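Text of start-v3.csv, listed as CSV, C-alpha atoms:
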chain,number,residue,atom,x,y,z
A,1,MET,CA,-46.1,-45.4,1.2
A,2,LYS,CA,-42.7,-45.9,2.8
A,3,ILE,CA,-41.2,-49.4,3.1
A,4,LYS,CA,-38.5,-49.9,5.7
A,5,VAL,CA,-35.8,-52.3,4.4
A,6,VAL,CA,-32.4,-51.8,6.3
A,7,GLU,CA,-30.3,-54.2,4.2
A,8,ASN,CA,-26.6,-54.4,3.5
A,9,VAL,CA,-26.3,-53.5,-0.2
A,10,LEU,CA,-23.0,-55.4,-0.5
A,11,LYS,CA,-24.4,-58.5,1.2
A,12,LYS,CA,-23.8,-60.7,-1.9
A,13,ASN,CA,-20.2,-59.6,-2.0
A,14,ASP,CA,-19.7,-59.8,1.8
A,15,ASN,CA,-21.3,-63.3,2.0
A,16,ALA,CA,-19.1,-64.6,-0.8
A,17,ALA,CA,-16.1,-63.1,0.9
A,18,GLN,CA,-16.9,-64.9,4.1
A,19,GLU,CA,-17.4,-68.2,2.2
A,20,ASN,CA,-14.0,-67.6,0.5
A,21,ARG,CA,-12.3,-67.1,3.9
A,22,VAL,CA,-13.8,-70.3,5.3
A,23,LEU,CA,-12.9,-72.3,2.2
A,24,MET,CA,-9.3,-71.1,2.4
A,25,ASN,CA,-9.1,-71.6,6.2
A,26,ASN,CA,-10.3,-75.2,5.7
A,27,SER,CA,-7.7,-75.8,3.1
A,28,GLY,CA,-4.9,-74.1,5.2
A,29,VAL,CA,-4.3,-71.5,2.6
A,30,LEU,CA,-3.2,-67.9,3.5
A,31,SER,CA,-4.4,-65.3,1.0
A,32,VAL,CA,-2.9,-62.0,0.2
A,33,ASN,CA,-4.7,-59.3,-1.7
A,34,LEU,CA,-2.2,-57.1,-3.7
A,35,MET,CA,-3.5,-53.6,-4.3
A,36,SER,CA,-1.8,-50.7,-6.0
A,37,SER,CA,-2.0,-48.4,-9.0
A,38,PRO,CA,-1.3,-50.0,-12.4
A,39,GLY,CA,2.4,-50.4,-13.2
A,40,SER,CA,3.6,-50.4,-9.6
A,41,GLY,CA,5.2,-53.8,-10.0
A,42,LYS,CA,2.7,-56.3,-8.6
A,43,THR,CA,3.3,-58.9,-11.3
A,44,THR,CA,7.1,-58.5,-11.3
A,45,LEU,CA,7.1,-58.8,-7.5
A,46,LEU,CA,5.2,-62.1,-7.8
A,47,GLN,CA,7.6,-63.3,-10.5
A,48,LYS,CA,10.4,-63.0,-7.9
A,49,THR,CA,8.5,-63.9,-4.8
A,50,ILE,CA,6.8,-67.2,-5.8
A,51,PRO,CA,10.0,-69.1,-6.8
A,52,ALA,CA,11.9,-67.7,-3.8
A,53,LEU,CA,9.3,-69.3,-1.4
A,54,ARG,CA,9.5,-72.7,-2.9
A,55,PRO,CA,9.9,-75.5,-2.0
A,56,ASP,CA,8.6,-74.6,1.5
A,57,TYR,CA,5.6,-72.8,0.3
A,58,ARG,CA,3.7,-73.3,-2.9
A,59,SER,CA,1.6,-70.5,-4.4
A,60,ALA,CA,-1.3,-70.0,-6.8
A,61,VAL,CA,-2.4,-66.7,-8.3
A,62,LEU,CA,-5.7,-65.1,-9.2
A,63,VAL,CA,-5.0,-62.1,-11.3
A,64,GLY,CA,-7.6,-59.4,-12.2
A,65,ASP,CA,-7.4,-57.1,-15.1
A,66,LEU,CA,-10.0,-55.3,-17.2
A,67,GLN,CA,-8.6,-56.9,-20.4
A,68,THR,CA,-5.9,-59.3,-21.7
A,69,SER,CA,-4.3,-62.4,-20.1
A,70,ARG,CA,-0.8,-60.8,-20.3
A,71,ASP,CA,-0.2,-60.9,-16.5
A,72,ALA,CA,-1.3,-64.6,-16.4
A,73,GLU,CA,1.1,-65.3,-19.3
A,74,ARG,CA,3.9,-63.6,-17.4
A,75,LEU,CA,3.2,-65.8,-14.4
A,76,SER,CA,2.5,-69.0,-16.2
A,77,ASN,CA,6.1,-70.3,-16.3
A,78,LEU,CA,6.6,-70.2,-12.6
A,79,GLY,CA,5.1,-73.7,-12.0
A,80,SER,CA,2.1,-72.3,-10.1
A,81,GLU,CA,-1.5,-72.4,-11.1
A,82,VAL,CA,-2.7,-69.0,-12.4
A,83,VAL,CA,-6.2,-67.9,-13.2
A,84,GLN,CA,-6.8,-64.7,-15.1
A,85,ILE,CA,-10.1,-62.9,-14.2
A,86,ASN,CA,-11.1,-60.3,-16.7
A,87,THR,CA,-13.4,-57.8,-15.2
A,88,GLY,CA,-14.4,-56.1,-18.5
A,89,LYS,CA,-15.4,-52.6,-17.4
A,90,GLY,CA,-15.0,-53.4,-13.7
A,91,CYS,CA,-12.4,-51.4,-11.8
A,92,HIS,CA,-12.0,-53.9,-9.0
A,93,LEU,CA,-12.3,-57.6,-8.2
A,94,SER,CA,-15.4,-58.8,-6.3
A,95,ALA,CA,-15.7,-61.6,-3.9
A,96,THR,CA,-17.9,-63.5,-6.3
A,97,GLN,CA,-15.3,-63.3,-9.0
A,98,VAL,CA,-12.7,-64.6,-6.5
A,99,SER,CA,-15.0,-67.6,-5.6
A,100,GLU,CA,-15.3,-68.5,-9.2
A,101,GLY,CA,-11.5,-68.3,-9.5
A,102,LEU,CA,-11.0,-70.5,-6.4
A,103,LYS,CA,-13.0,-73.3,-8.0
A,104,ALA,CA,-10.4,-73.6,-10.7
A,105,LEU,CA,-7.5,-74.0,-8.2
A,106,SER,CA,-6.2,-77.1,-6.3
A,107,LEU,CA,-6.3,-75.4,-2.9
A,108,ASN,CA,-5.1,-78.5,-1.1
A,109,GLU,CA,-1.7,-78.3,-2.9
A,110,ILE,CA,-0.9,-74.7,-2.0
A,111,SER,CA,0.0,-72.7,1.1
A,112,LEU,CA,-0.4,-69.2,-0.3
A,113,LEU,CA,-2.9,-67.6,-2.6
A,114,TRP,CA,-2.1,-64.3,-4.3
A,115,ILE,CA,-5.0,-62.2,-5.4
A,116,GLU,CA,-3.6,-59.6,-7.7
A,117,ASN,CA,-6.3,-57.0,-7.8
A,118,VAL,CA,-7.1,-54.6,-10.7
A,119,GLY,CA,-4.6,-51.7,-10.7
A,120,ASN,CA,-6.5,-48.9,-9.0
A,121,MET,CA,-6.0,-47.1,-5.7
A,122,VAL,CA,-9.7,-46.3,-4.9
A,123,CYS,CA,-12.2,-49.0,-5.9
A,124,PRO,CA,-10.5,-52.2,-4.7
A,125,ALA,CA,-10.5,-50.8,-1.1
A,126,SER,CA,-14.2,-51.0,-0.9
A,127,PHE,CA,-14.6,-54.7,-1.6
A,128,ASP,CA,-13.8,-57.5,0.9
A,129,LEU,CA,-12.6,-60.5,-1.1
A,130,GLY,CA,-12.2,-62.9,1.8
A,131,GLU,CA,-8.4,-62.3,1.9
A,132,HIS,CA,-6.4,-62.7,5.1
A,133,LEU,CA,-3.9,-60.0,4.4
A,134,ARG,CA,-3.6,-56.9,2.3
A,135,ALA,CA,-0.3,-55.9,0.8
A,136,ILE,CA,-0.3,-52.4,-0.7
A,137,LEU,CA,2.4,-51.5,-3.2
A,138,LEU,CA,3.6,-48.0,-4.0
A,139,SER,CA,6.4,-47.5,-6.6
A,140,VAL,CA,8.9,-44.7,-6.4
A,141,PRO,CA,8.0,-43.2,-9.8
A,142,GLU,CA,4.4,-42.6,-8.6
A,143,GLY,CA,5.7,-40.0,-6.2
A,144,ASP,CA,6.0,-39.6,-2.4
A,145,ASP,CA,2.5,-37.9,-2.1
A,146,LYS,CA,0.4,-41.0,-2.7
A,147,VAL,CA,-0.1,-42.2,0.9
A,148,ALA,CA,-1.6,-38.8,1.7
A,149,LYS,CA,-3.7,-38.8,-1.4
A,150,TYR,CA,-5.1,-42.4,-1.0
A,151,PRO,CA,-5.4,-42.7,2.8
A,152,VAL,CA,-8.3,-45.2,2.8
A,153,LEU,CA,-6.3,-47.8,0.8
A,154,PHE,CA,-3.1,-47.4,3.0
A,155,GLN,CA,-5.2,-47.5,6.2
A,156,LEU,CA,-6.2,-51.1,5.2
A,157,ALA,CA,-2.6,-52.3,4.7
A,158,ASP,CA,-1.1,-55.1,6.7
A,159,VAL,CA,2.2,-54.5,4.8
A,160,ILE,CA,3.3,-51.7,2.6
A,161,LEU,CA,5.9,-52.3,-0.1
A,162,LEU,CA,7.8,-49.4,-1.5
A,163,THR,CA,8.8,-50.8,-4.9
A,164,LYS,CA,11.4,-49.8,-7.5
A,165,VAL,CA,13.6,-48.3,-4.8
A,166,ASP,CA,16.6,-48.6,-7.1
A,167,LEU,CA,15.1,-45.4,-8.6
A,168,ILE,CA,15.4,-43.4,-5.4
A,169,GLY,CA,18.1,-40.9,-6.2
A,170,VAL,CA,17.2,-40.9,-9.9
A,171,LEU,CA,13.9,-39.3,-9.1
A,172,ASP,CA,12.9,-36.7,-6.5
A,173,PHE,CA,11.4,-39.0,-3.9
A,174,ASN,CA,11.5,-38.3,-0.2
A,175,ILE,CA,10.8,-41.4,1.8
A,176,GLU,CA,10.4,-39.3,5.0
A,177,THR,CA,7.2,-37.9,3.4
A,178,ILE,CA,5.9,-41.4,3.2
A,179,ARG,CA,6.9,-42.2,6.8
A,180,GLU,CA,5.3,-39.0,8.1
A,181,ASP,CA,2.0,-39.6,6.3
A,182,LEU,CA,1.9,-43.2,7.5
A,183,SER,CA,2.4,-42.1,11.1
A,184,ARG,CA,-1.2,-40.7,10.9
A,185,ILE,CA,-2.7,-43.3,8.6
A,186,ASN,CA,-1.2,-46.7,9.5
A,187,THR,CA,1.5,-47.5,12.1
A,188,ARG,CA,0.6,-51.2,12.1
A,189,ALA,CA,1.9,-52.2,8.7
A,190,PRO,CA,5.6,-52.4,8.2
A,191,LEU,CA,7.1,-50.4,5.3
A,192,ILE,CA,9.4,-52.6,3.3
A,193,LYS,CA,11.6,-51.1,0.6
A,194,VAL,CA,12.1,-53.5,-2.3
A,195,SER,CA,13.5,-53.6,-5.8
A,196,SER,CA,12.4,-56.6,-7.8
A,197,LYS,CA,15.1,-55.7,-10.3
A,198,THR,CA,18.2,-55.6,-8.0
A,199,GLY,CA,16.8,-57.9,-5.3
A,200,LEU,CA,17.2,-55.2,-2.6
A,201,GLY,CA,14.8,-55.8,0.3
A,202,MET,CA,13.5,-59.1,-1.0
A,203,GLU,CA,14.8,-61.0,2.0
A,204,GLN,CA,12.9,-58.7,4.4
A,205,TRP,CA,9.7,-59.2,2.4
A,206,LEU,CA,10.2,-62.9,2.2
A,207,ASP,CA,10.8,-63.1,6.0
A,208,TRP,CA,7.6,-61.1,6.6
A,209,LEU,CA,5.7,-63.6,4.5
A,210,ARG,CA,7.2,-66.6,6.2
A,211,GLU,CA,6.3,-65.2,9.5
A,212,GLN,CA,2.7,-64.8,8.4
A,213,LEU,CA,2.6,-68.3,7.0
A,214,GLU,CA,4.1,-69.7,10.2
A,215,THR,CA,1.7,-67.8,12.4
A,216,GLN,CA,-1.3,-69.1,10.4
A,217,ASN,CA,-0.1,-72.7,10.9
A,218,ASP,CA,0.1,-72.3,14.7
B,219,MET,CA,-16.2,-45.8,-10.5
B,220,HIS,CA,-17.3,-48.7,-8.2
B,221,GLU,CA,-20.6,-46.8,-7.9
B,222,MET,CA,-21.8,-48.7,-10.9
B,223,SER,CA,-21.4,-52.1,-9.3
B,224,ILE,CA,-23.0,-50.9,-6.1
B,225,ALA,CA,-25.9,-49.5,-8.1
B,226,PHE,CA,-26.5,-52.9,-9.7
B,227,GLU,CA,-26.6,-54.6,-6.3
B,228,LEU,CA,-28.9,-51.9,-4.9
B,229,LEU,CA,-31.3,-52.3,-7.8
B,230,GLU,CA,-31.6,-56.0,-7.2
B,231,GLN,CA,-32.6,-55.4,-3.6
B,232,VAL,CA,-34.9,-52.5,-4.5
B,233,VAL,CA,-36.7,-54.7,-7.1
B,234,GLN,CA,-37.0,-57.6,-4.6
B,235,ALA,CA,-38.4,-55.3,-1.9
B,236,ALA,CA,-40.8,-53.8,-4.4
B,237,GLU,CA,-42.1,-57.2,-5.6
B,238,GLN,CA,-42.7,-58.3,-2.0
B,239,ASN,CA,-44.8,-55.2,-1.3
B,240,ASP,CA,-46.9,-55.0,-4.5
B,241,VAL,CA,-45.2,-51.8,-5.5
B,242,THR,CA,-46.2,-50.2,-8.8
B,243,LYS,CA,-43.7,-47.4,-8.8
B,244,VAL,CA,-40.6,-46.6,-6.7
B,245,GLU,CA,-40.3,-42.9,-6.0
B,246,GLU,CA,-37.4,-42.5,-3.6
B,247,ILE,CA,-34.6,-44.7,-2.2
B,248,GLU,CA,-33.0,-43.9,1.2
B,249,LEU,CA,-29.4,-45.0,1.1
B,250,GLU,CA,-26.8,-44.6,3.9
B,251,VAL,CA,-23.1,-44.9,2.8
B,252,GLY,CA,-20.1,-45.0,5.0
B,253,GLU,CA,-17.6,-42.3,4.2
B,254,LEU,CA,-14.8,-44.9,3.8
B,255,LYS,CA,-16.6,-46.5,0.8
B,256,LEU,CA,-15.4,-43.5,-1.2
B,257,ILE,CA,-18.7,-42.9,-3.0
B,258,VAL,CA,-19.0,-39.8,-5.0
B,259,PRO,CA,-22.6,-38.7,-4.7
B,260,GLU,CA,-22.9,-37.3,-8.2
B,261,ALA,CA,-21.4,-40.5,-9.7
B,262,MET,CA,-23.7,-42.6,-7.5
B,263,GLU,CA,-26.8,-40.7,-8.7
B,264,LEU,CA,-25.7,-41.0,-12.3
B,265,ALA,CA,-25.1,-44.8,-11.9
B,266,TRP,CA,-28.5,-45.2,-10.2
B,267,GLU,CA,-30.3,-43.3,-12.9
B,268,THR,CA,-28.6,-45.5,-15.5
B,269,VAL,CA,-29.3,-48.9,-13.9
B,270,CYS,CA,-32.9,-48.0,-13.2
B,271,GLU,CA,-33.9,-47.3,-16.8
B,272,GLY,CA,-36.8,-49.5,-17.8
B,273,THR,CA,-37.3,-50.9,-14.3
B,274,ILE,CA,-39.9,-50.3,-11.6
B,275,ALA,CA,-37.4,-47.8,-10.1
B,276,ASP,CA,-37.0,-45.8,-13.3
B,277,GLY,CA,-36.9,-42.1,-12.5
B,278,SER,CA,-36.6,-42.7,-8.7
B,279,ARG,CA,-34.7,-40.2,-6.5
B,280,LEU,CA,-31.7,-41.3,-4.5
B,281,ASN,CA,-31.6,-39.8,-1.1
B,282,LEU,CA,-28.0,-40.4,-0.1
B,283,THR,CA,-26.5,-39.7,3.4
B,284,ILE,CA,-22.9,-40.2,4.2
B,285,SER,CA,-22.1,-41.6,7.6
B,286,LYS,CA,-18.8,-40.7,9.5
B,287,PRO,CA,-16.4,-43.5,10.4
B,288,VAL,CA,-15.8,-44.8,13.9
B,289,ALA,CA,-12.6,-46.6,14.8
B,290,LYS,CA,-11.3,-48.7,17.6
B,291,CYS,CA,-7.7,-48.5,18.5
B,292,CYS,CA,-6.0,-51.9,18.4
B,293,VAL,CA,-3.4,-50.8,20.9
B,294,CYS,CA,-5.4,-49.2,23.7
B,295,SER,CA,-9.0,-50.0,22.7
B,296,CYS,CA,-10.0,-46.3,22.6
B,297,VAL,CA,-13.1,-45.7,20.4
B,298,PHE,CA,-13.0,-42.5,18.4
B,299,GLU,CA,-14.1,-40.8,15.2
B,300,PRO,CA,-11.2,-40.6,12.8
B,301,GLU,CA,-10.9,-38.3,9.8
B,302,ILE,CA,-10.6,-40.0,6.4
B,303,ASP,CA,-6.9,-39.0,6.3
B,304,ASN,CA,-6.1,-39.3,10.0
B,305,TYR,CA,-6.5,-42.4,12.1
B,306,LEU,CA,-4.3,-41.3,15.0
B,307,CYS,CA,-5.6,-42.5,18.3
B,308,PRO,CA,-6.2,-39.5,20.6
B,309,ARG,CA,-5.1,-41.5,23.6
B,310,CYS,CA,-2.0,-43.5,22.6
B,311,GLU,CA,-1.1,-41.7,19.4
B,312,LYS,CA,-0.8,-44.9,17.3
B,313,ALA,CA,-2.6,-45.3,14.0
B,314,ASP,CA,-3.5,-48.9,14.3
B,315,VAL,CA,-7.3,-49.3,14.1
B,316,ILE,CA,-10.2,-51.5,13.3
B,317,ILE,CA,-13.0,-49.6,11.6
B,318,THR,CA,-16.2,-50.3,13.3
B,319,ARG,CA,-18.3,-48.0,11.3
B,320,GLY,CA,-17.9,-46.1,8.0
B,321,ASN,CA,-17.7,-49.1,5.6
B,322,GLU,CA,-21.4,-49.9,5.3
B,323,ILE,CA,-23.8,-49.3,2.5
B,324,ILE,CA,-27.4,-49.7,3.8
B,325,LEU,CA,-30.6,-49.6,1.9
B,326,LYS,CA,-32.9,-48.0,4.5
B,327,SER,CA,-36.2,-47.5,2.9
B,328,LEU,CA,-38.2,-47.1,-0.3
B,329,SER,CA,-40.9,-44.5,-0.9
B,330,CYS,CA,-43.4,-45.9,-3.4
B,331,GLU,CA,-46.8,-46.3,-4.8
B,332,THR,CA,-48.5,-49.6,-4.3
B,333,LYS,CA,-51.4,-51.4,-5.9
B,334,LYS,CA,-53.5,-50.9,-2.8
B,335,GLU,CA,-53.0,-47.1,-2.9
B,336,ASN,CA,-53.8,-47.0,-6.6
B,337,SER,CA,-57.1,-49.0,-6.2
B,338,SER,CA,-58.3,-46.8,-3.3
B,339,GLN,CA,-57.9,-43.6,-5.3

I'd like the structure from this file rewritten - as structure tokens, please.
Amino acid sequence: MKIKVVENVLKKNDNAAQENRVLMNNSGVLSVNLMSSPGSGKTTLLQKTIPALRPDYRSAVLVGDLQTSRDAERLSNLGSEVVQINTGKGCHLSATQVSEGLKALSLNEISLLWIENVGNMVCPASFDLGEHLRAILLSVPEGDDKVAKYPVLFQLADVILLTKVDLIGVLDFNIETIREDLSRINTRAPLIKVSSKTGLGMEQWLDWLREQLETQND
Amino acid sequence: MHEMSIAFELLEQVVQAAEQNDVTKVEEIELEVGELKLIVPEAMELAWETVCEGTIADGSRLNLTISKPVAKCCVCSCVFEPEIDNYLCPRCEKADVIITRGNEIILKSLSCETKKENSSQ
């Protein structure tokens, strides 16, 4: 006997994502899902970005990792609420994990929620968390072939941050390769070159964020 | 390896459908997966085999089909079929799209034995 079902297998995740979105909209919170490989500088970028946006915009962070609370510890002295989500063996955050995390935050006191996803360029792309924007990081040491190698992730981006640009020149990295690959994969997202270490490009990144925050408030 | 989390969700739905239909054994699952979900068929089959152990779907076959993506251009509204590494609109040559198909994972059907079938044999 054949039983017809026709059901969305990810409906639990997708429903939770929609609830997260509604909850954040109702609290006037803009959320950004940060996705990249491990070690591309997500946490360091947040360490620089969160203080720079205050006092106009207060942030909170949900940070996903398989193990340890090291990222949460690094972010804990910024005066923002930080919730560490340990996924155990899970290679990505799910919307239900994010909704649990949201319960621990005072959403009415923040403008911006950062969701630092598990470092991985494949799996996080498949799970809607209810975020408003997706920021994809790519660091110079990873190489200039990564946009072409992970097109599905870069296609999702609302903004692409090329991080550790102070290392261009030290390493063989051709930014034109990135631009050329993006011309087929994503022409919507601006490509912003930043160095959290030297501060290069940070103003452009902060301006982009302020623009998004102001658009949301309109 | 997000196949494992998808396999767990799938199993929950298969068990639920089986319970509602007095199923005694699930033999085959028909699953449609959008290409952009980046599912590796071999990994999905292994994940399915693993999560099914000791359940009503133990030993069931996974019949997996991959569906091609469809995109709508945000600049000129042209609807087209992009390649996984090329989202360039054929009309306006921008790569600024909304994916309208290719992100879904759909449980389509179960082939199974039911109590009714067993008693009539």

Using only C-alpha atoms, tabulate the residues of chain B lying at most 8 Å from any atom of chain A, each with its closest atom pair and that distance in Å to one decimal, by chain and increasing residue number, as JSON lines.
{"residue": "B:Met219", "atom": "CA", "partner": "A:Cys123", "partner_atom": "CA", "distance": 6.9}
{"residue": "B:His220", "atom": "CA", "partner": "A:Cys123", "partner_atom": "CA", "distance": 5.6}
{"residue": "B:Ser223", "atom": "CA", "partner": "A:Gly90", "partner_atom": "CA", "distance": 7.9}
{"residue": "B:Ile224", "atom": "CA", "partner": "A:Leu10", "partner_atom": "CA", "distance": 7.2}
{"residue": "B:Glu227", "atom": "CA", "partner": "A:Val9", "partner_atom": "CA", "distance": 6.2}
{"residue": "B:Leu228", "atom": "CA", "partner": "A:Val9", "partner_atom": "CA", "distance": 5.6}
{"residue": "B:Gln231", "atom": "CA", "partner": "A:Val9", "partner_atom": "CA", "distance": 7.4}
{"residue": "B:Ala235", "atom": "CA", "partner": "A:Val5", "partner_atom": "CA", "distance": 7.4}
{"residue": "B:Leu254", "atom": "CA", "partner": "A:Val152", "partner_atom": "CA", "distance": 6.6}
{"residue": "B:Lys255", "atom": "CA", "partner": "A:Ser126", "partner_atom": "CA", "distance": 5.4}
{"residue": "B:Leu256", "atom": "CA", "partner": "A:Val122", "partner_atom": "CA", "distance": 7.3}
{"residue": "B:Ile302", "atom": "CA", "partner": "A:Val152", "partner_atom": "CA", "distance": 6.7}
{"residue": "B:Asp303", "atom": "CA", "partner": "A:Pro151", "partner_atom": "CA", "distance": 5.3}
{"residue": "B:Asn304", "atom": "CA", "partner": "A:Arg184", "partner_atom": "CA", "distance": 5.2}
{"residue": "B:Tyr305", "atom": "CA", "partner": "A:Ile185", "partner_atom": "CA", "distance": 5.2}
{"residue": "B:Leu306", "atom": "CA", "partner": "A:Arg184", "partner_atom": "CA", "distance": 5.2}
{"residue": "B:Lys312", "atom": "CA", "partner": "A:Thr187", "partner_atom": "CA", "distance": 6.3}
{"residue": "B:Ala313", "atom": "CA", "partner": "A:Asn186", "partner_atom": "CA", "distance": 4.9}
{"residue": "B:Asp314", "atom": "CA", "partner": "A:Arg188", "partner_atom": "CA", "distance": 5.2}
{"residue": "B:Asn321", "atom": "CA", "partner": "A:Ser126", "partner_atom": "CA", "distance": 7.6}
{"residue": "B:Glu322", "atom": "CA", "partner": "A:Asn8", "partner_atom": "CA", "distance": 7.1}
{"residue": "B:Ile323", "atom": "CA", "partner": "A:Val9", "partner_atom": "CA", "distance": 5.6}
{"residue": "B:Ile324", "atom": "CA", "partner": "A:Asn8", "partner_atom": "CA", "distance": 4.8}
{"residue": "B:Leu325", "atom": "CA", "partner": "A:Glu7", "partner_atom": "CA", "distance": 5.2}
{"residue": "B:Lys326", "atom": "CA", "partner": "A:Val6", "partner_atom": "CA", "distance": 4.2}
{"residue": "B:Ser327", "atom": "CA", "partner": "A:Lys4", "partner_atom": "CA", "distance": 4.3}
{"residue": "B:Leu328", "atom": "CA", "partner": "A:Ile3", "partner_atom": "CA", "distance": 5.1}
{"residue": "B:Ser329", "atom": "CA", "partner": "A:Lys2", "partner_atom": "CA", "distance": 4.3}
{"residue": "B:Cys330", "atom": "CA", "partner": "A:Met1", "partner_atom": "CA", "distance": 5.4}
{"residue": "B:Glu331", "atom": "CA", "partner": "A:Met1", "partner_atom": "CA", "distance": 6.1}
{"residue": "B:Thr332", "atom": "CA", "partner": "A:Met1", "partner_atom": "CA", "distance": 7.3}

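We find CA of Val61 in chain A and CA of Leu46 in chain A to be spaced 8.9 Å apart.
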
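Computed from the coordinates, the CA of Asn174 in chain A to CA of Val32 in chain A distance equals 27.7 Å.
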
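Distances here use all atoms listed in the file; by that measure, the residue among A:Glu19, A:Thr96, A:Glu109, A:Ile115 closest to Val83 in chain A is A:Ile115.
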
Do you know which residues are at most 10 Å from Trp208 in chain A counting only C-alpha atoms, after dropping those on the same chain fewer than 6 positions away, and could you put them as JSON, numbers by chain? {"A": [159, 190, 192, 202, 214]}

Neighbour list for Val269 in chain B as a ChimeraX atom specification, cut-off 12 Å, only C-alpha atoms, skip fewer than 2 positions in-chain: /B:221-230,232-233,262-267,271-278

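Every protein or nucleic acid residue with an atom no more than 12 Å from Arg70 in chain A, counting all atoms listed in the file and leaving out same-chain residues fewer than 6 positions away, appears here: Thr43, Val63, Gly64, Ser76, Val82, Val83, Gln84, Ile85 and Asn86 of chain A.
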
Using only C-alpha atoms, can you list as a ChimeraX atom specification the residues within 9 Å of (1.3, -75.2, 0.9)? /A:28-30,56-59,107-112

Take the point (-18.5, -65.6, -2.0) in the file's coordinates, draw a sphere of radius 9 Å around it, and report as a ChimeraX atom specification every protein, DNA or RNA residue with an atom inside or on it, counting only C-alpha atoms. /A:12-21,94-100,129-130

What is the distance, in Å and to one decimal place, between CA of Leu75 in chain A and CA of Met121 in chain A? 22.6 Å

With all atoms listed in the file as the basis for distance, which of A:Asp145, A:Glu73, A:Asp166, A:Glu176 is at the shortest distance from Gln47 in chain A? A:Glu73

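Proximity ranking of A:Lys164, A:Arg54, A:Lys48, A:Arg74 relative to Val194 in chain A places A:Lys164 first, based on all atoms listed in the file.
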
Using only C-alpha atoms, determine which residues lie at most 8 Å from Cys310 in chain B, disregarding the query and same-chain residues fewer than 2 positions distant; provide the list as a PyMOL selection string. chain B and resi 293-294+307-308+312
